[in-house]
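Novice: PDB, C-alpha atoms and all ligand atoms, file input00.pdb:
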```
MODEL        1
ATOM      1  CA  MET T   1     -26.228-253.981 216.668
ATOM      2  CA  ALA T   2     -23.435-254.780 214.234
ATOM      3  CA  SER T   3     -23.975-253.439 210.772
ATOM      4  CA  GLY T   4     -22.702-254.155 207.285
ATOM      5  CA  GLY T   5     -21.385-250.826 206.139
ATOM      6  CA  GLY T   6     -22.164-248.515 209.023
ATOM      7  CA  ASN T   7     -25.698-248.048 207.742
ATOM      8  CA  GLY T   8     -27.424-249.752 210.682
ATOM      9  CA  ARG T   9     -28.597-252.729 208.645
ATOM     10  CA  LYS T  10     -27.393-256.013 210.055
ATOM     11  CA  PRO T  11     -26.595-258.401 207.192
ATOM     12  CA  LEU T  12     -28.821-261.458 206.748
ATOM     13  CA  ILE T  13     -27.367-264.562 205.131
ATOM     14  CA  SER T  14     -29.986-267.174 204.297
ATOM     15  CA  GLY T  15     -29.589-270.743 203.107
ATOM     16  CA  ASN T  16     -32.352-271.866 200.743
ATOM     17  CA  TRP T  17     -32.092-275.639 200.649
ATOM     18  CA  LYS T  18     -34.795-276.009 197.988
ATOM     19  CA  MET T  19     -35.890-279.667 197.647
ATOM     20  CA  HIS T  20     -32.769-281.113 199.284
ATOM     21  CA  HIS T  21     -32.018-282.860 202.603
ATOM     22  CA  ASN T  22     -34.477-285.160 204.377
ATOM     23  CA  HIS T  23     -34.994-284.475 208.070
ATOM     24  CA  PHE T  24     -32.036-286.652 209.167
ATOM     25  CA  GLU T  25     -29.715-284.851 206.758
ATOM     26  CA  ALA T  26     -31.190-281.528 207.855
ATOM     27  CA  ILE T  27     -30.400-282.230 211.511
ATOM     28  CA  GLN T  28     -26.796-283.152 210.652
ATOM     29  CA  THR T  29     -26.404-280.061 208.506
ATOM     30  CA  VAL T  30     -27.546-277.601 211.179
ATOM     31  CA  GLN T  31     -25.504-279.375 213.837
ATOM     32  CA  LYS T  32     -22.357-279.143 211.710
ATOM     33  CA  LEU T  33     -23.146-275.513 210.923
ATOM     34  CA  SER T  34     -23.496-274.740 214.621
ATOM     35  CA  TYR T  35     -20.028-276.220 215.318
ATOM     36  CA  GLN T  36     -18.496-273.871 212.743
ATOM     37  CA  LEU T  37     -20.145-270.599 213.789
ATOM     38  CA  GLY T  38     -19.421-268.658 216.965
ATOM     39  CA  SER T  39     -20.845-265.752 218.904
ATOM     40  CA  ASP T  40     -18.752-263.215 216.950
ATOM     41  CA  ASP T  41     -20.318-264.483 213.726
ATOM     42  CA  TYR T  42     -23.858-264.181 215.070
ATOM     43  CA  ALA T  43     -23.068-260.716 216.430
ATOM     44  CA  ALA T  44     -22.062-259.566 212.953
ATOM     45  CA  VAL T  45     -24.547-261.413 210.768
ATOM     46  CA  ASP T  46     -28.091-262.775 211.076
ATOM     47  CA  VAL T  47     -28.301-266.301 209.683
ATOM     48  CA  SER T  48     -31.352-268.269 208.543
ATOM     49  CA  VAL T  49     -31.820-271.742 207.084
ATOM     50  CA  HIS T  50     -34.805-272.654 204.912
ATOM     51  CA  PRO T  51     -35.288-276.429 204.817
ATOM     52  CA  PRO T  52     -38.168-278.252 203.120
ATOM     53  CA  PHE T  53     -41.456-278.328 205.078
ATOM     54  CA  THR T  54     -40.894-281.917 206.257
ATOM     55  CA  ASP T  55     -37.703-280.886 208.074
ATOM     56  CA  LEU T  56     -38.963-277.771 209.842
ATOM     57  CA  ARG T  57     -40.003-279.378 213.109
ATOM     58  CA  SER T  58     -36.758-281.362 213.416
ATOM     59  CA  VAL T  59     -34.593-278.344 212.648
ATOM     60  CA  GLN T  60     -36.599-276.191 215.062
ATOM     61  CA  THR T  61     -35.987-278.738 217.827
ATOM     62  CA  VAL T  62     -32.227-278.822 217.227
ATOM     63  CA  LEU T  63     -31.885-275.035 217.047
ATOM     64  CA  GLU T  64     -33.936-274.475 220.186
ATOM     65  CA  SER T  65     -32.590-277.316 222.330
ATOM     66  CA  ASP T  66     -28.953-276.514 221.450
ATOM     67  CA  GLU T  67     -29.632-272.759 221.668
ATOM     68  CA  VAL T  68     -28.207-272.112 218.219
ATOM     69  CA  PRO T  69     -28.966-268.511 217.191
ATOM     70  CA  VAL T  70     -29.776-269.448 213.594
ATOM     71  CA  ALA T  71     -33.273-268.407 212.525
ATOM     72  CA  LEU T  72     -35.640-270.952 211.062
ATOM     73  CA  GLY T  73     -36.996-270.117 207.625
ATOM     74  CA  ALA T  74     -39.466-271.575 205.148
ATOM     75  CA  GLN T  75     -39.324-271.536 201.355
ATOM     76  CA  HIS T  76     -42.968-270.975 200.555
ATOM     77  CA  CYS T  77     -46.496-270.766 201.988
ATOM     78  CA  HIS T  78     -50.069-270.086 200.925
ATOM     79  CA  TRP T  79     -51.679-266.696 201.584
ATOM     80  CA  GLU T  80     -54.748-268.125 203.312
ATOM     81  CA  ASP T  81     -54.459-269.215 206.941
ATOM     82  CA  LYS T  82     -56.315-272.488 206.350
ATOM     83  CA  GLY T  83     -58.856-274.095 204.068
ATOM     84  CA  ALA T  84     -59.391-276.472 201.166
ATOM     85  CA  PHE T  85     -55.982-275.990 199.513
ATOM     86  CA  THR T  86     -54.564-279.493 199.124
ATOM     87  CA  GLY T  87     -50.817-279.601 199.503
ATOM     88  CA  GLU T  88     -50.452-276.070 200.828
ATOM     89  CA  VAL T  89     -49.298-274.746 204.205
ATOM     90  CA  GLY T  90     -50.738-271.611 205.864
ATOM     91  CA  PRO T  91     -48.570-268.879 207.439
ATOM     92  CA  PRO T  92     -49.879-269.463 211.015
ATOM     93  CA  MET T  93     -48.739-273.096 210.765
ATOM     94  CA  LEU T  94     -45.205-271.887 210.077
ATOM     95  CA  ALA T  95     -45.376-269.231 212.790
ATOM     96  CA  LYS T  96     -46.317-271.973 215.276
ATOM     97  CA  LEU T  97     -42.954-273.645 214.524
ATOM     98  CA  ASN T  98     -41.165-270.372 215.296
ATOM     99  CA  VAL T  99     -40.383-269.808 211.642
ATOM    100  CA  ALA T 100     -38.999-266.281 211.397
ATOM    101  CA  TYR T 101     -38.490-265.759 207.648
ATOM    102  CA  VAL T 102     -40.503-267.016 204.691
ATOM    103  CA  ILE T 103     -39.290-266.746 201.096
ATOM    104  CA  ALA T 104     -42.004-265.425 198.771
ATOM    105  CA  GLY T 105     -41.870-265.367 194.994
ATOM    106  CA  HIS T 106     -38.649-267.278 194.424
ATOM    107  CA  SER T 107     -38.107-267.446 190.649
ATOM    108  CA  GLU T 108     -38.486-271.239 190.760
ATOM    109  CA  ARG T 109     -41.975-270.761 192.257
ATOM    110  CA  ARG T 110     -42.790-268.079 189.693
ATOM    111  CA  ASP T 111     -41.441-269.973 186.668
ATOM    112  CA  LEU T 112     -42.213-273.604 187.559
ATOM    113  CA  PHE T 113     -45.395-273.219 189.612
ATOM    114  CA  GLY T 114     -47.051-270.195 188.033
ATOM    115  CA  GLU T 115     -46.772-267.711 190.907
ATOM    116  CA  THR T 116     -47.773-264.250 189.746
ATOM    117  CA  ASP T 117     -46.867-260.859 191.188
ATOM    118  CA  GLU T 118     -50.360-260.711 192.651
ATOM    119  CA  MET T 119     -49.940-264.038 194.436
ATOM    120  CA  VAL T 120     -46.558-262.922 195.747
ATOM    121  CA  ASN T 121     -48.153-259.751 197.120
ATOM    122  CA  ARG T 122     -50.878-261.737 198.877
ATOM    123  CA  LYS T 123     -48.247-263.997 200.398
ATOM    124  CA  VAL T 124     -46.087-261.076 201.544
ATOM    125  CA  ARG T 125     -49.071-259.567 203.349
ATOM    126  CA  ALA T 126     -50.091-262.917 204.868
ATOM    127  CA  ILE T 127     -46.556-263.635 206.108
ATOM    128  CA  ILE T 128     -46.415-260.231 207.816
ATOM    129  CA  ALA T 129     -49.902-260.712 209.281
ATOM    130  CA  ALA T 130     -48.715-263.978 210.849
ATOM    131  CA  GLY T 131     -45.812-262.147 212.533
ATOM    132  CA  MET T 132     -43.021-263.398 210.266
ATOM    133  CA  THR T 133     -40.655-261.612 207.882
ATOM    134  CA  PRO T 134     -41.005-262.109 204.136
ATOM    135  CA  ILE T 135     -37.945-262.491 201.939
ATOM    136  CA  MET T 136     -39.494-261.306 198.685
ATOM    137  CA  CYS T 137     -37.534-262.394 195.620
ATOM    138  CA  VAL T 138     -37.290-260.406 192.418
ATOM    139  CA  GLY T 139     -35.059-260.799 189.386
ATOM    140  CA  GLU T 140     -34.836-260.762 185.611
ATOM    141  CA  HIS T 141     -34.486-263.496 183.009
ATOM    142  CA  LEU T 142     -31.441-263.546 180.750
ATOM    143  CA  GLU T 143     -33.473-262.252 177.778
ATOM    144  CA  GLU T 144     -34.618-259.281 179.864
ATOM    145  CA  ARG T 145     -31.045-258.505 180.877
ATOM    146  CA  GLU T 146     -29.906-258.759 177.265
ATOM    147  CA  ALA T 147     -32.784-256.540 176.125
ATOM    148  CA  GLY T 148     -31.785-253.915 178.707
ATOM    149  CA  THR T 149     -35.056-254.195 180.640
ATOM    150  CA  THR T 150     -33.658-255.442 183.969
ATOM    151  CA  GLU T 151     -34.493-252.278 185.933
ATOM    152  CA  GLU T 152     -37.986-252.087 184.510
ATOM    153  CA  ARG T 153     -38.686-255.758 185.285
ATOM    154  CA  VAL T 154     -37.312-255.651 188.811
ATOM    155  CA  SER T 155     -38.998-252.328 189.643
ATOM    156  CA  SER T 156     -42.367-253.645 188.521
ATOM    157  CA  GLN T 157     -41.954-256.794 190.636
ATOM    158  CA  VAL T 158     -41.080-254.646 193.669
ATOM    159  CA  ARG T 159     -44.059-252.319 193.117
ATOM    160  CA  ALA T 160     -46.499-255.197 192.658
ATOM    161  CA  GLY T 161     -45.125-257.219 195.554
ATOM    162  CA  LEU T 162     -45.303-254.328 198.024
ATOM    163  CA  GLU T 163     -48.759-253.098 197.041
ATOM    164  CA  GLY T 164     -50.759-252.229 200.152
ATOM    165  CA  VAL T 165     -47.917-252.979 202.598
ATOM    166  CA  PRO T 166     -47.507-250.090 205.112
ATOM    167  CA  GLY T 167     -44.138-248.298 205.113
ATOM    168  CA  GLU T 168     -42.965-249.490 208.527
ATOM    169  CA  GLN T 169     -43.675-253.077 207.528
ATOM    170  CA  VAL T 170     -41.777-252.646 204.281
ATOM    171  CA  GLY T 171     -38.796-251.376 206.273
ATOM    172  CA  ALA T 172     -38.778-254.556 208.349
ATOM    173  CA  MET T 173     -38.835-256.814 205.271
ATOM    174  CA  VAL T 174     -36.128-258.435 203.232
ATOM    175  CA  ILE T 175     -36.008-258.199 199.442
ATOM    176  CA  ALA T 176     -33.757-260.620 197.556
ATOM    177  CA  TYR T 177     -32.433-259.603 194.168
ATOM    178  CA  GLU T 178     -31.828-262.824 192.291
ATOM    179  CA  PRO T 179     -30.977-262.535 188.595
ATOM    180  CA  ILE T 180     -32.515-265.738 187.259
ATOM    181  CA  TRP T 181     -29.619-266.422 184.880
ATOM    182  CA  ALA T 182     -27.291-266.549 187.903
ATOM    183  CA  ILE T 183     -29.277-269.106 189.940
ATOM    184  CA  GLY T 184     -27.651-272.521 190.057
ATOM    185  CA  THR T 185     -25.577-271.709 186.974
ATOM    186  CA  GLY T 186     -22.253-270.806 188.543
ATOM    187  CA  ARG T 187     -22.586-267.382 186.866
ATOM    188  CA  THR T 188     -22.686-264.595 189.434
ATOM    189  CA  ALA T 189     -23.639-260.996 188.702
ATOM    190  CA  THR T 190     -20.614-258.735 189.026
ATOM    191  CA  PRO T 191     -20.661-256.828 192.325
ATOM    192  CA  GLU T 192     -21.151-253.610 190.314
ATOM    193  CA  ASP T 193     -24.137-254.986 188.376
ATOM    194  CA  ALA T 194     -25.693-256.448 191.523
ATOM    195  CA  GLN T 195     -25.176-253.146 193.336
ATOM    196  CA  ALA T 196     -26.779-251.180 190.493
ATOM    197  CA  VAL T 197     -29.975-253.251 190.643
ATOM    198  CA  CYS T 198     -30.069-253.316 194.460
ATOM    199  CA  GLY T 199     -29.721-249.509 194.391
ATOM    200  CA  VAL T 200     -32.725-249.322 192.061
ATOM    201  CA  ILE T 201     -34.713-251.570 194.403
ATOM    202  CA  ARG T 202     -33.895-249.316 197.353
ATOM    203  CA  SER T 203     -34.973-246.216 195.479
ATOM    204  CA  VAL T 204     -38.255-247.846 194.396
ATOM    205  CA  VAL T 205     -38.879-248.742 198.057
ATOM    206  CA  GLY T 206     -38.202-245.082 198.923
ATOM    207  CA  GLU T 207     -40.779-243.906 196.400
ATOM    208  CA  LEU T 208     -43.381-246.396 197.576
ATOM    209  CA  ALA T 209     -42.848-246.531 201.305
ATOM    210  CA  GLY T 210     -40.744-243.507 202.229
ATOM    211  CA  GLU T 211     -37.090-242.855 203.041
ATOM    212  CA  ALA T 212     -37.168-244.518 206.461
ATOM    213  CA  ALA T 213     -38.346-247.787 204.901
ATOM    214  CA  ALA T 214     -35.743-247.501 202.136
ATOM    215  CA  GLY T 215     -33.006-246.996 204.707
ATOM    216  CA  ALA T 216     -34.130-249.947 206.800
ATOM    217  CA  VAL T 217     -35.149-252.618 204.271
ATOM    218  CA  ARG T 218     -32.534-255.328 203.888
ATOM    219  CA  ILE T 219     -31.658-256.281 200.318
ATOM    220  CA  GLN T 220     -29.981-259.619 199.668
ATOM    221  CA  TYR T 221     -28.208-260.715 196.521
ATOM    222  CA  GLY T 222     -28.764-264.309 195.367
ATOM    223  CA  GLY T 223     -27.419-266.338 192.473
ATOM    224  CA  SER T 224     -24.347-268.566 192.677
ATOM    225  CA  VAL T 225     -23.091-267.014 195.918
ATOM    226  CA  LYS T 226     -19.962-268.904 197.035
ATOM    227  CA  PRO T 227     -17.367-268.529 199.796
ATOM    228  CA  THR T 228     -15.027-266.905 197.269
ATOM    229  CA  ASN T 229     -17.385-264.195 196.002
ATOM    230  CA  THR T 230     -19.372-263.236 199.113
ATOM    231  CA  ALA T 231     -17.033-260.555 200.492
ATOM    232  CA  GLU T 232     -16.980-258.501 197.272
ATOM    233  CA  LEU T 233     -20.764-258.664 196.969
ATOM    234  CA  MET T 234     -21.239-257.744 200.635
ATOM    235  CA  ALA T 235     -18.911-254.755 200.205
ATOM    236  CA  GLN T 236     -21.524-253.059 198.014
ATOM    237  CA  PRO T 237     -23.474-250.316 199.801
ATOM    238  CA  ASP T 238     -26.953-251.595 198.910
ATOM    239  CA  ILE T 239     -26.270-255.319 199.428
ATOM    240  CA  ASP T 240     -27.162-256.351 202.985
ATOM    241  CA  GLY T 241     -26.959-260.093 202.720
ATOM    242  CA  ALA T 242     -27.136-263.163 200.543
ATOM    243  CA  LEU T 243     -29.736-265.762 199.614
ATOM    244  CA  VAL T 244     -27.667-268.862 199.026
ATOM    245  CA  GLY T 245     -28.903-272.010 197.302
ATOM    246  CA  GLY T 246     -26.421-274.726 196.309
ATOM    247  CA  ALA T 247     -23.588-273.593 198.585
ATOM    248  CA  SER T 248     -25.874-273.584 201.641
ATOM    249  CA  LEU T 249     -26.327-277.377 201.502
ATOM    250  CA  ASP T 250     -22.761-277.910 202.657
ATOM    251  CA  PRO T 251     -22.193-276.595 206.197
ATOM    252  CA  ASP T 252     -18.495-275.948 205.478
ATOM    253  CA  ASP T 253     -19.256-273.757 202.472
ATOM    254  CA  PHE T 254     -22.216-272.051 204.127
ATOM    255  CA  SER T 255     -20.263-271.223 207.280
ATOM    256  CA  ARG T 256     -17.463-269.752 205.144
ATOM    257  CA  ILE T 257     -20.080-267.577 203.428
ATOM    258  CA  VAL T 258     -21.423-266.410 206.817
ATOM    259  CA  ARG T 259     -17.817-265.705 207.867
ATOM    260  CA  TYR T 260     -17.115-263.793 204.637
ATOM    261  CA  ARG T 261     -15.371-261.075 206.622
ATOM    262  CA  LYS T 262     -12.603-263.547 207.424
ATOM    263  CA  GLU T 263     -12.187-265.116 203.959
TER     264      GLU T 263
HETATM  265  P1  LIG I 301     -27.888-270.718 194.003
HETATM  266  O1  LIG I 301     -29.430-270.454 194.314
HETATM  267  O2  LIG I 301     -27.084-270.124 195.112
HETATM  268  O3  LIG I 301     -27.756-272.210 193.915
HETATM  269  O4  LIG I 301     -27.586-270.046 192.685
HETATM  270  C1  LIG I 301     -29.875-269.230 194.857
HETATM  271  C2  LIG I 301     -31.365-269.274 195.102
HETATM  272  O5  LIG I 301     -32.084-269.864 194.283
HETATM  273  O6  LIG I 301     -31.862-268.736 196.106
ENDMDL
END
```
Please express what this file holds, its structure, as structure tokens.

Specialist:
Amino acid sequence: MASGGGNGRKPLISGNWKMHHNHFEAIQTVQKLSYQLGSDDYAAVDVSVHPPFTDLRSVQTVLESDEVPVALGAQHCHWEDKGAFTGEVGPPMLAKLNVAYVIAGHSERRDLFGETDEMVNRKVRAIIAAGMTPIMCVGEHLEEREAGTTEERVSSQVRAGLEGVPGEQVGAMVIAYEPIWAIGTGRTATPEDAQAVCGVIRSVVGELAGEAAAGAVRIQYGGSVKPTNTAELMAQPDIDGALVGGASLDPDDFSRIVRYRKE
């Protein structure tokens, strides 16, 4: 298995499309992406795309029929398998579409839709129980960064989100550090700042779940990742991938991000 910095962790670069692209646009986007990426790229980096729910079946069909080794991801789910939860989707429904990764606790879900740490924890456990991998997002607001409480905020989100998750399952997860002030703003954390927080996340995982889990868990950075800044972020020892929003909508930009080694 290829690894980022010789640490055994294969990088994961994920495209979070948010509420963009209908299913026709989604099909075109993954087809164009598949023309740009080759077997050497997939050998070096795991890639996932996270379209809106309405696109999942169409994107699944394209990826599977064209044998494109891009993993299918979702942006959100409920923690219950089924029930009277109008508008929600249960983890087994996503698993049935061969969804591999589900984002949990994105800051837009936390800030705009009232998701709490406790809800994020329930979702993380439900995603794992359905056989998928959570990408659990954590990150501080600008006021928290300015007040010097970034580490405290992020550590408490990690502790709450991982509550009750066994160590070996934590090691198989993905945690995305996304400073909220960097999302969609064009402002990216410096590689040094991003590394510092990702290092804190890894040590909190070590405390909670043991050294093996800390060594295995993949930590992504997210927040205005672009083709021009990916390589320097990925060079950091505790950054194992990227969660990309805006730049993942364009297959040219997203493929350049996946091919950051060649930029
Ligand atoms: P951005 O979004 O790349 O547009 O800043 C990142 C995210 O929200 O995951």

Novice: Using the file's own x, y and z axes, so that the box edges lie along x, y and z, what centre and edge lengths in Å (one decimal) does a box around every listed atom of ligand LIG 301 (chain I) get when 8 Å is added on each side? Give it as lines of an AutoDock Vina configuration file.

Specialist:
```
center_x = -29.6
center_y = -270.5
center_z = 194.4
size_x = 21.0
size_y = 19.5
size_z = 19.4
```

Novice: Neighbours of ligand LIG 301 (chain I) at 7 Å or closer, counting all atoms listed in the file: which residues, as a PDB file with C-alpha atoms, in the frame of the given file?

Specialist:
```
ATOM      1  CA  ASN T  16     -32.352-271.866 200.743  1.00  0.00           C
ATOM      2  CA  ALA T 182     -27.291-266.549 187.903  1.00  0.00           C
ATOM      3  CA  ILE T 183     -29.277-269.106 189.940  1.00  0.00           C
ATOM      4  CA  GLY T 184     -27.651-272.521 190.057  1.00  0.00           C
ATOM      5  CA  THR T 185     -25.577-271.709 186.974  1.00  0.00           C
ATOM      6  CA  GLY T 186     -22.253-270.806 188.543  1.00  0.00           C
ATOM      7  CA  GLY T 222     -28.764-264.309 195.367  1.00  0.00           C
ATOM      8  CA  GLY T 223     -27.419-266.338 192.473  1.00  0.00           C
ATOM      9  CA  SER T 224     -24.347-268.566 192.677  1.00  0.00           C
ATOM     10  CA  VAL T 225     -23.091-267.014 195.918  1.00  0.00           C
ATOM     11  CA  LEU T 243     -29.736-265.762 199.614  1.00  0.00           C
ATOM     12  CA  VAL T 244     -27.667-268.862 199.026  1.00  0.00           C
ATOM     13  CA  GLY T 245     -28.903-272.010 197.302  1.00  0.00           C
ATOM     14  CA  GLY T 246     -26.421-274.726 196.309  1.00  0.00           C
ATOM     15  CA  ALA T 247     -23.588-273.593 198.585  1.00  0.00           C
TER      16      ALA T 247
END
```

Novice: I need the residue set behind the PyMOL selection byres (((chain T and resi 153) around 12) and not hetatm) for this file; please write it as a list of chain:residue names.

Specialist: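 Evaluating the PyMOL selection byres (((chain T and resi 153) around 12) and not hetatm) on these coordinates yields T:Asp117, T:Val138, T:Gly139, T:Glu140, T:His141, T:Leu142, T:Glu143, T:Glu144, T:Arg145, T:Ala147, T:Gly148, T:Thr149, T:Thr150, T:Glu151, T:Glu152, T:Val154, T:Ser155, T:Ser156, T:Gln157, T:Val158, T:Arg159, T:Ala160, T:Tyr177, T:Pro179, T:Ile180, T:Val197, T:Val200, T:Ile201.
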
Novice: Kindly assemble as a tab-separated table a list of the region 62-146 of chain T residues that lie within 7 Å of region 48-51 of chain T, each paired with its nearest atom pair and their distance in Å to one decimal, using only C-alpha atoms, sorted first by chain and then by ascending residue number.

Specialist:
```
residue	atom	partner	partner_atom	distance
T:Val70	CA	T:Ser48	CA	5.4
T:Ala71	CA	T:Ser48	CA	4.4
T:Leu72	CA	T:Val49	CA	5.6
T:Gly73	CA	T:His50	CA	4.3
T:Ala74	CA	T:His50	CA	4.8
T:Gln75	CA	T:His50	CA	5.9
```

Novice: Give me the residues near Asn229 (chain T) as a ChimeraX atom specification, where near means some atom within 12 Å (using only C-alpha atoms) and where sequence neighbours in that chain fewer than 4 positions away do not count.

Specialist: /T:186-191,221-225,233-235,242,244,247,253,256-261,263

Novice: Using only C-alpha atoms for the distances, tell me which of T:Gly87, T:Pro52, T:Gly38, T:Gly161 is nearest to Gly105 (chain T).

Specialist: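 Looking only at the distances to Gly105 (chain T), the closest residue turns out to be T:Gly161.
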
Novice: Quick check, in Å to one decimal: how far apart do CA of Met136 (chain T) and CA of Ala104 (chain T) lie?

Specialist: 4.8 Å

Novice: Counting all atoms listed in the file, figure out which residue out of T:Gly210, T:Gly8, T:Gly114, T:Pro92 gets nearest to Glu168 (chain T).

Specialist: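 Smallest distance to Glu168 (chain T) is found for T:Gly210.
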
Novice: One decimal, in Å: what's the spacing between CA of Ala95 (chain T) and CA of Ile175 (chain T)?

Specialist: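 Between CA of Ala95 (chain T) and CA of Ile175 (chain T) the gap is 19.7 Å.
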
Novice: What's the 9 Å shell around region 20-24 of chain T, counting all atoms listed in the file, without same-chain residues fewer than 6 positions away, as a list in words?

Specialist: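 Here the qualifying residues turn out to be Pro51, Pro52, Thr54, Asp55, Leu56, Arg57, Ser58, Val59 and Leu249 of chain T.
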